[in-house]
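Student: File name start33.txt; file contents compact mmCIF, C-alpha atoms; full text below.
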```txt
# COMPACT_ATOMS: atom_id res chain seq x y z
CA MET A 12 152.98 -10.49 169.94
CA ARG A 13 152.37 -6.95 171.12
CA GLY A 14 150.53 -5.54 168.11
CA THR A 15 147.10 -5.75 169.71
CA ALA A 16 148.32 -3.76 172.72
CA ARG A 17 148.89 -0.75 170.47
CA SER A 18 145.65 -1.22 168.57
CA ALA A 19 143.09 1.57 168.71
CA GLU A 20 140.40 -1.10 168.36
CA VAL A 21 137.94 -1.53 171.20
CA ILE A 22 135.89 -4.70 170.85
CA GLY A 23 132.21 -4.30 171.70
CA ILE A 24 130.50 -7.57 172.58
CA LEU A 25 126.74 -7.47 172.18
CA GLY A 26 125.86 -10.40 174.38
CA GLY A 27 123.49 -11.96 176.85
CA MET A 28 122.15 -14.41 174.26
CA GLY A 29 122.75 -16.33 176.48
CA PRO A 30 124.99 -15.19 179.33
CA ALA A 31 127.04 -18.42 179.46
CA ALA A 32 127.70 -18.21 175.73
CA THR A 33 128.84 -14.60 176.13
CA ALA A 34 131.26 -15.56 178.90
CA ASP A 35 132.53 -18.45 176.79
CA PHE A 36 133.08 -16.12 173.83
CA TYR A 37 135.09 -13.66 175.89
CA ALA A 38 137.22 -16.51 177.25
CA LYS A 39 137.92 -17.58 173.66
CA LEU A 40 138.82 -14.02 172.69
CA VAL A 41 141.33 -13.89 175.55
CA ALA A 42 142.74 -17.34 174.73
CA THR A 43 143.07 -16.47 171.03
CA THR A 44 144.97 -13.24 171.67
CA PRO A 45 148.73 -13.88 171.66
CA GLY A 46 150.73 -12.17 174.33
CA SER A 47 152.58 -12.56 177.60
CA SER A 48 151.05 -9.79 179.73
CA ASP A 49 147.78 -8.02 180.45
CA GLN A 50 148.82 -5.17 178.18
CA ASP A 51 148.98 -7.46 175.14
CA HIS A 52 145.23 -8.06 175.23
CA LEU A 53 142.39 -6.21 173.52
CA ARG A 54 140.34 -3.52 175.16
CA THR A 55 136.84 -4.90 175.37
CA VAL A 56 133.38 -3.63 176.32
CA ILE A 57 130.77 -6.29 177.11
CA TRP A 58 127.07 -5.53 177.12
CA SER A 59 125.32 -8.68 178.29
CA ASP A 60 121.57 -8.15 178.22
CA PRO A 61 119.65 -11.36 178.96
CA THR A 62 116.34 -9.47 178.64
CA ILE A 63 116.70 -9.47 174.83
CA PRO A 64 113.65 -11.44 173.61
CA ASP A 65 114.22 -14.94 172.31
CA ARG A 66 115.44 -14.75 168.73
CA THR A 67 113.99 -18.06 167.58
CA GLU A 68 110.57 -17.23 168.99
CA ALA A 69 110.64 -13.91 167.15
CA LEU A 70 111.57 -15.55 163.84
CA LEU A 71 108.81 -18.12 164.25
CA GLY A 72 106.26 -15.40 165.04
CA ASP A 73 105.86 -16.49 168.67
CA GLY A 74 107.57 -13.59 170.41
CA PRO A 75 108.52 -9.91 170.22
CA ASP A 76 111.06 -8.52 167.78
CA PRO A 77 114.47 -8.21 169.53
CA THR A 78 115.61 -5.43 167.17
CA PRO A 79 114.99 -2.55 169.64
CA TRP A 80 117.05 -4.33 172.31
CA LEU A 81 119.87 -5.00 169.84
CA LEU A 82 119.86 -1.37 168.75
CA ASP A 83 119.93 -0.23 172.37
CA GLY A 84 122.86 -2.55 173.09
CA SER A 85 124.70 -1.21 170.06
CA ARG A 86 124.18 2.33 171.40
CA VAL A 87 125.53 1.34 174.82
CA LEU A 88 128.65 -0.15 173.23
CA ARG A 89 129.17 2.85 170.97
CA GLU A 90 128.85 5.31 173.85
CA ALA A 91 131.25 3.18 175.92
CA GLY A 92 133.92 3.62 173.25
CA ALA A 93 133.66 0.44 171.19
CA THR A 94 134.94 0.70 167.63
CA VAL A 95 133.56 -2.60 166.32
CA ILE A 96 130.72 -4.92 167.35
CA ALA A 97 130.77 -8.70 167.73
CA ILE A 98 127.54 -10.62 168.34
CA PRO A 99 128.21 -14.08 169.80
CA CYS A 100 124.75 -15.39 168.90
CA ASN A 101 124.09 -17.08 165.58
CA THR A 102 120.33 -16.55 165.54
CA ALA A 103 120.70 -12.83 166.31
CA HIS A 104 122.42 -12.48 162.93
CA ALA A 105 119.00 -12.75 161.33
CA PHE A 106 118.44 -9.24 162.68
CA VAL A 107 121.80 -7.76 161.66
CA PRO A 108 120.37 -6.28 158.42
CA ARG A 109 117.86 -4.37 160.55
CA ILE A 110 120.46 -2.86 162.87
CA ALA A 111 123.61 -2.54 160.75
CA ALA A 112 122.77 0.87 159.27
CA HIS A 113 121.79 2.27 162.67
CA ALA A 114 124.44 0.73 164.95
CA GLY A 115 126.98 3.42 164.10
CA LEU A 116 129.78 0.83 164.18
CA PRO A 117 130.88 -2.00 161.88
CA ILE A 118 129.61 -5.45 162.82
CA VAL A 119 131.92 -8.40 162.27
CA HIS A 120 129.57 -11.01 160.79
CA MET A 121 130.15 -14.31 162.55
CA ILE A 122 128.39 -16.46 159.96
CA GLY A 123 130.26 -14.80 157.13
CA GLU A 124 133.52 -15.53 158.93
CA VAL A 125 132.54 -19.19 159.27
CA ALA A 126 131.83 -19.41 155.54
CA ARG A 127 135.27 -17.95 154.76
CA HIS A 128 136.89 -20.34 157.24
CA LEU A 129 135.28 -23.36 155.57
CA THR A 130 136.34 -22.32 152.08
CA ALA A 131 139.93 -21.94 153.27
CA ARG A 132 140.17 -25.41 154.85
CA ARG A 133 142.42 -27.96 153.18
CA PRO A 134 141.47 -30.53 152.13
CA GLY A 135 138.38 -28.78 150.89
CA ILE A 136 134.96 -29.30 152.44
CA HIS A 137 132.04 -29.75 150.07
CA THR A 138 129.32 -30.88 152.48
CA VAL A 139 128.85 -29.56 156.01
CA GLY A 140 126.27 -30.32 158.69
CA LEU A 141 124.59 -27.70 160.85
CA LEU A 142 123.46 -27.92 164.45
CA ALA A 143 121.64 -24.68 165.22
CA THR A 144 118.45 -23.25 166.64
CA THR A 145 115.27 -23.63 164.65
CA GLY A 146 115.34 -19.86 164.14
CA THR A 147 118.78 -19.99 162.52
CA VAL A 148 117.72 -22.90 160.31
CA ARG A 149 114.43 -21.31 159.26
CA ALA A 150 116.10 -17.98 158.51
CA GLY A 151 118.52 -19.72 156.17
CA LEU A 152 121.49 -17.86 157.64
CA TYR A 153 124.09 -20.52 156.89
CA GLN A 154 122.39 -21.74 153.71
CA GLU A 155 122.64 -18.28 152.19
CA ARG A 156 126.32 -17.80 153.02
CA LEU A 157 127.51 -21.30 152.12
CA ASP A 158 125.60 -21.40 148.84
CA ARG A 159 127.83 -18.57 147.63
CA PHE A 160 130.84 -20.87 147.94
CA GLY A 161 129.20 -24.02 146.59
CA ILE A 162 129.15 -25.80 149.95
CA ARG A 163 126.19 -28.12 150.49
CA LEU A 164 124.47 -27.87 153.86
CA VAL A 165 122.97 -30.89 155.62
CA LEU A 166 120.31 -30.18 158.25
CA PRO A 167 118.74 -32.37 160.94
CA ASP A 168 115.30 -33.73 160.11
CA GLY A 169 112.37 -32.18 161.96
CA ASP A 170 112.31 -34.79 164.69
CA SER A 171 116.03 -34.54 165.43
CA GLN A 172 115.90 -30.74 165.32
CA ASP A 173 113.18 -30.59 167.98
CA ARG A 174 114.04 -33.60 170.12
CA ASP A 175 117.83 -33.44 170.02
CA VAL A 176 119.10 -29.99 169.08
CA MET A 177 116.58 -27.65 170.67
CA THR A 178 116.26 -29.83 173.77
CA ALA A 179 120.03 -29.65 174.23
CA VAL A 180 120.19 -25.90 173.63
CA ARG A 181 117.53 -25.32 176.29
CA ALA A 182 119.39 -27.64 178.67
CA VAL A 183 122.62 -25.65 178.29
CA LYS A 184 120.75 -22.39 178.83
CA ALA A 185 119.37 -23.93 182.02
CA GLY A 186 122.88 -24.74 183.23
CA ALA A 187 123.34 -28.36 182.14
CA ARG A 188 126.90 -29.39 181.33
CA ASP A 189 126.45 -33.15 181.24
CA GLY A 190 124.93 -35.87 179.11
CA THR A 191 121.59 -34.04 179.15
CA ALA A 192 123.02 -31.85 176.40
CA SER A 193 125.95 -33.82 175.01
CA GLU A 194 124.13 -37.05 174.22
CA PRO A 195 121.35 -35.60 172.04
CA LEU A 196 123.80 -33.28 170.29
CA ALA A 197 126.21 -36.14 169.56
CA ARG A 198 123.31 -38.20 168.25
CA ALA A 199 122.21 -35.36 165.95
CA ALA A 200 125.79 -34.87 164.74
CA ARG A 201 126.14 -38.58 163.90
CA ARG A 202 123.01 -38.39 161.78
CA LEU A 203 124.56 -35.53 159.82
CA THR A 204 127.87 -37.33 159.27
CA ASP A 205 125.95 -40.43 158.16
CA ARG A 206 124.50 -38.23 155.42
CA GLY A 207 127.89 -37.11 154.21
CA ALA A 208 128.82 -34.13 156.37
CA GLN A 209 132.60 -33.66 156.33
CA ALA A 210 132.39 -31.18 159.21
CA VAL A 211 129.68 -30.04 161.61
CA ILE A 212 129.02 -26.41 162.48
CA ALA A 213 128.14 -25.80 166.13
CA GLY A 214 125.79 -23.09 164.89
CA CYS A 215 124.40 -21.99 168.25
CA THR A 216 126.79 -20.50 170.79
CA GLU A 217 125.38 -22.81 173.47
CA ILE A 218 126.31 -25.93 171.50
CA PRO A 219 130.09 -25.86 172.13
CA LEU A 220 129.25 -25.70 175.84
CA GLY A 221 127.30 -28.95 175.57
CA LEU A 222 129.08 -30.88 172.82
CA PRO A 223 132.75 -31.85 173.22
CA ALA A 224 134.66 -31.79 169.95
CA ASP A 225 135.79 -35.39 170.48
CA ALA A 226 132.14 -36.53 170.54
CA VAL A 227 131.96 -35.88 166.79
CA ASP A 228 133.98 -37.96 164.32
CA VAL A 229 134.53 -35.04 161.92
CA PRO A 230 135.81 -31.51 162.66
CA LEU A 231 133.43 -29.53 164.89
CA VAL A 232 133.46 -25.92 163.66
CA ASP A 233 132.99 -23.40 166.49
CA PRO A 234 131.68 -20.04 165.19
CA SER A 235 132.49 -18.33 168.51
CA LEU A 236 136.14 -19.28 168.18
CA ILE A 237 136.22 -18.22 164.52
CA LEU A 238 134.69 -14.86 165.44
CA ALA A 239 137.30 -14.37 168.17
CA GLN A 240 140.09 -15.15 165.71
CA ALA A 241 138.63 -12.67 163.20
CA LEU A 242 138.60 -9.91 165.82
CA VAL A 243 142.21 -10.55 166.76
CA ARG A 244 143.20 -10.39 163.07
CA LEU A 245 141.26 -7.15 162.66
CA ALA A 246 142.91 -5.52 165.67
CA THR A 247 146.36 -6.75 164.70
CA ASN A 248 146.05 -5.58 161.09
CA ARG A 249 144.86 -2.14 162.13
CA SER A 250 147.59 -1.77 164.72
CA THR A 251 150.28 -2.52 162.13
CA THR A 252 148.80 -0.30 159.41
CA GLY A 253 147.45 2.50 161.58
```
Let me see the file written as structure tokens.
Tutor:
Amino acid sequence: MRGTARSAEVIGILGGMGPAATADFYAKLVATTPGSSDQDHLRTVIWSDPTIPDRTEALLGDGPDPTPWLLDGSRVLREAGATVIAIPCNTAHAFVPRIAAHAGLPIVHMIGEVARHLTARRPGIHTVGLLATTGTVRAGLYQERLDRFGIRLVLPDGDSQDRDVMTAVRAVKAGARDGTASEPLARAARRLTDRGAQAVIAGCTEIPLGLPADAVDVPLVDPSLILAQALVRLATNRSTTG
């Protein structure tokens, strides 16, 4: 497929939240793009700013608002020639309403894309579990989107959220790629499937780095991959209609 090579689209990745998750997202964007040569791939600008304040801490009132950093990153991407913005951080989407009108570019909403993906799955999914940061959970980002499609969301209890999910997320951010992260995440996922989850959303971009898909006995939904697929579709559609 050579449609993306002719696309005028330039993907702007607003990253650094965290750096490993940003690198993983770009790798998925490359792997998702069909083609047989360099020229078949998408032009991409990556702004990876690890100084962006912690999104969960901001949402819980324990840290500064990251909005100015996100706006600055959007400006950098716009001035570098990006035509669309992708944010490979679930929790950062809590701040998208604050930046969308000022970014100067359309933002492909990762959580919205996940909701559409789940509604299109066959057989249908009626109950889904979520592994995500406490900020994402408290902000209701997935609850809001999935409620629109009648999908019930199952969340970890408070103990599992703190002891399993957040501990694993911090471990991945610190460089762990072993059982330090995978074991608590798998344990949290099992608790969700025991409560009826037909799929589990890896709703923090660090989670796919710490939780192998085969450690979960239901489909593990990777928002980073779904966002990458959405960007490829966007670029392909615009190259064929432009």
Student: Just want the 9 Å neighbourhood of Pro79 in chain A, counted on all atoms listed in the file, with same-chain residues fewer than 4 positions away dropped. Output as a CSV table (one decimal) with C-alpha atoms, keeping the file's coordinate frame.
Tutor:
```
chain,number,residue,atom,x,y,z
A,63,ILE,CA,116.7,-9.5,174.8
A,83,ASP,CA,119.9,-0.2,172.4
A,84,GLY,CA,122.9,-2.6,173.1
A,110,ILE,CA,120.5,-2.9,162.9
```
Student: Skipping near chain neighbours, those fewer than 2 positions away, what residues fall within 8 Å of range 188-197 of chain A using all atoms listed in the file, listed as a list in words?
Tutor: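 Listed by chain and then number, they are Leu142, Arg174, Asp175, Val176, Thr178, Ala179, Val180, Ala182, Val183, Gly186, Ala199, Ala200, Arg201, Ile218, Leu220, Gly221, Leu222, Pro223, Ala226 and Val227 of chain A.
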Student: Name the closest residue to Gln50 in chain A among the candidates A:Thr144, A:Ser18, A:Thr138, A:Gln240; distances are taken between atoms, counting only C-alpha atoms.
Tutor: A:Ser18
Student: Restricting the calculation to all atoms listed in the file, which member of A:Val125, A:Ile96, A:Ala42, A:Ala224 is positioned closest to Ile237 in chain A?
Tutor: A:Val125
Student: At a cut-off of 10 Å, can you tabulate as a Markdown table every residue of range 77-111 of chain A near range 19-33 of chain A together with its closest atom pair and the distance in Å to one decimal, using all atoms listed in the file and ordering rows by chain then number?
Tutor:
```
| residue | atom | partner | partner_atom | distance |
| --- | --- | --- | --- | --- |
| A:Leu81 | CA | A:Leu25 | CA | 7.7 |
| A:Leu82 | CA | A:Leu25 | CA | 9.8 |
| A:Asp83 | CA | A:Leu25 | CA | 9.9 |
| A:Gly84 | CA | A:Leu25 | CA | 6.3 |
| A:Ser85 | CA | A:Leu25 | CA | 6.9 |
| A:Val87 | CA | A:Leu25 | CA | 9.3 |
| A:Leu88 | CA | A:Gly23 | CA | 5.7 |
| A:Arg89 | CA | A:Gly23 | CA | 7.8 |
| A:Ala91 | CA | A:Gly23 | CA | 8.6 |
| A:Gly92 | CA | A:Val21 | CA | 6.8 |
| A:Ala93 | CA | A:Val21 | CA | 4.7 |
| A:Thr94 | CA | A:Val21 | CA | 5.2 |
| A:Val95 | CA | A:Ile22 | CA | 5.5 |
| A:Ile96 | CA | A:Gly23 | CA | 4.6 |
| A:Ala97 | CA | A:Ile24 | CA | 5.0 |
| A:Ile98 | CA | A:Leu25 | CA | 5.0 |
| A:Pro99 | CA | A:Gly26 | CA | 6.3 |
| A:Cys100 | CA | A:Met28 | CA | 6.0 |
| A:Asn101 | CA | A:Met28 | CA | 9.3 |
| A:Thr102 | CA | A:Met28 | CA | 9.2 |
| A:Ala103 | CA | A:Met28 | CA | 8.2 |
```
Student: Between A:Thr62, A:Ser171, A:Thr55, A:Thr216, which is the closest to Pro234 in chain A once you count only C-alpha atoms?
Tutor: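 Comparing A:Thr62, A:Ser171, A:Thr55, A:Thr216 against Pro234 in chain A, the winner is A:Thr216.
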Student: Looking at all atoms listed in the file, which of A:Leu242, A:Ile122, A:Val56, A:Met177 is the one that sits closest to Gly214 in chain A?
Tutor: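 Ranking A:Leu242, A:Ile122, A:Val56, A:Met177 by distance to Gly214 in chain A, first place goes to A:Ile122.
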Student: So that I can see what lies close to Ala210 in chain A, please list as a ChimeraX atom specification the residues with an atom at most 8 Å from it, counting all atoms listed in the file and leaving out residues fewer than 5 positions away in the same chain.
Tutor: /A:136,138-140,204,229-232
Student: Of the candidates A:Leu71, A:Asp65, A:Glu124, A:Arg133, which shows the shortest atom-to-atom distance to Ser235 in chain A, using all atoms listed in the file?
Tutor: A:Glu124
Student: Could you work out how far CA of Arg163 in chain A lies from CA of Arg132 in chain A, giving the answer in Å with one decimal?
Tutor: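 Going from CA of Arg132 in chain A over to CA of Arg163 in chain A covers 14.9 Å.
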Student: With all atoms listed in the file as the basis for distance, which of A:Ala239, A:Leu164, A:Pro117, A:Val107 is at the shortest distance from Val148 in chain A?
Tutor: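 Of A:Ala239, A:Leu164, A:Pro117, A:Val107, the one nearest Val148 in chain A, counting all atoms listed in the file, is A:Leu164.
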Student: In Å, with one decimal, what is the gap from CA of Lys39 in chain A to CA of Leu236 in chain A?
Tutor: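 These atoms are spaced 6.0 Å apart.
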Student: To one decimal in Å, tell me the separation between CA of Pro45 in chain A and CA of Ile57 in chain A.
Tutor: 20.2 Å
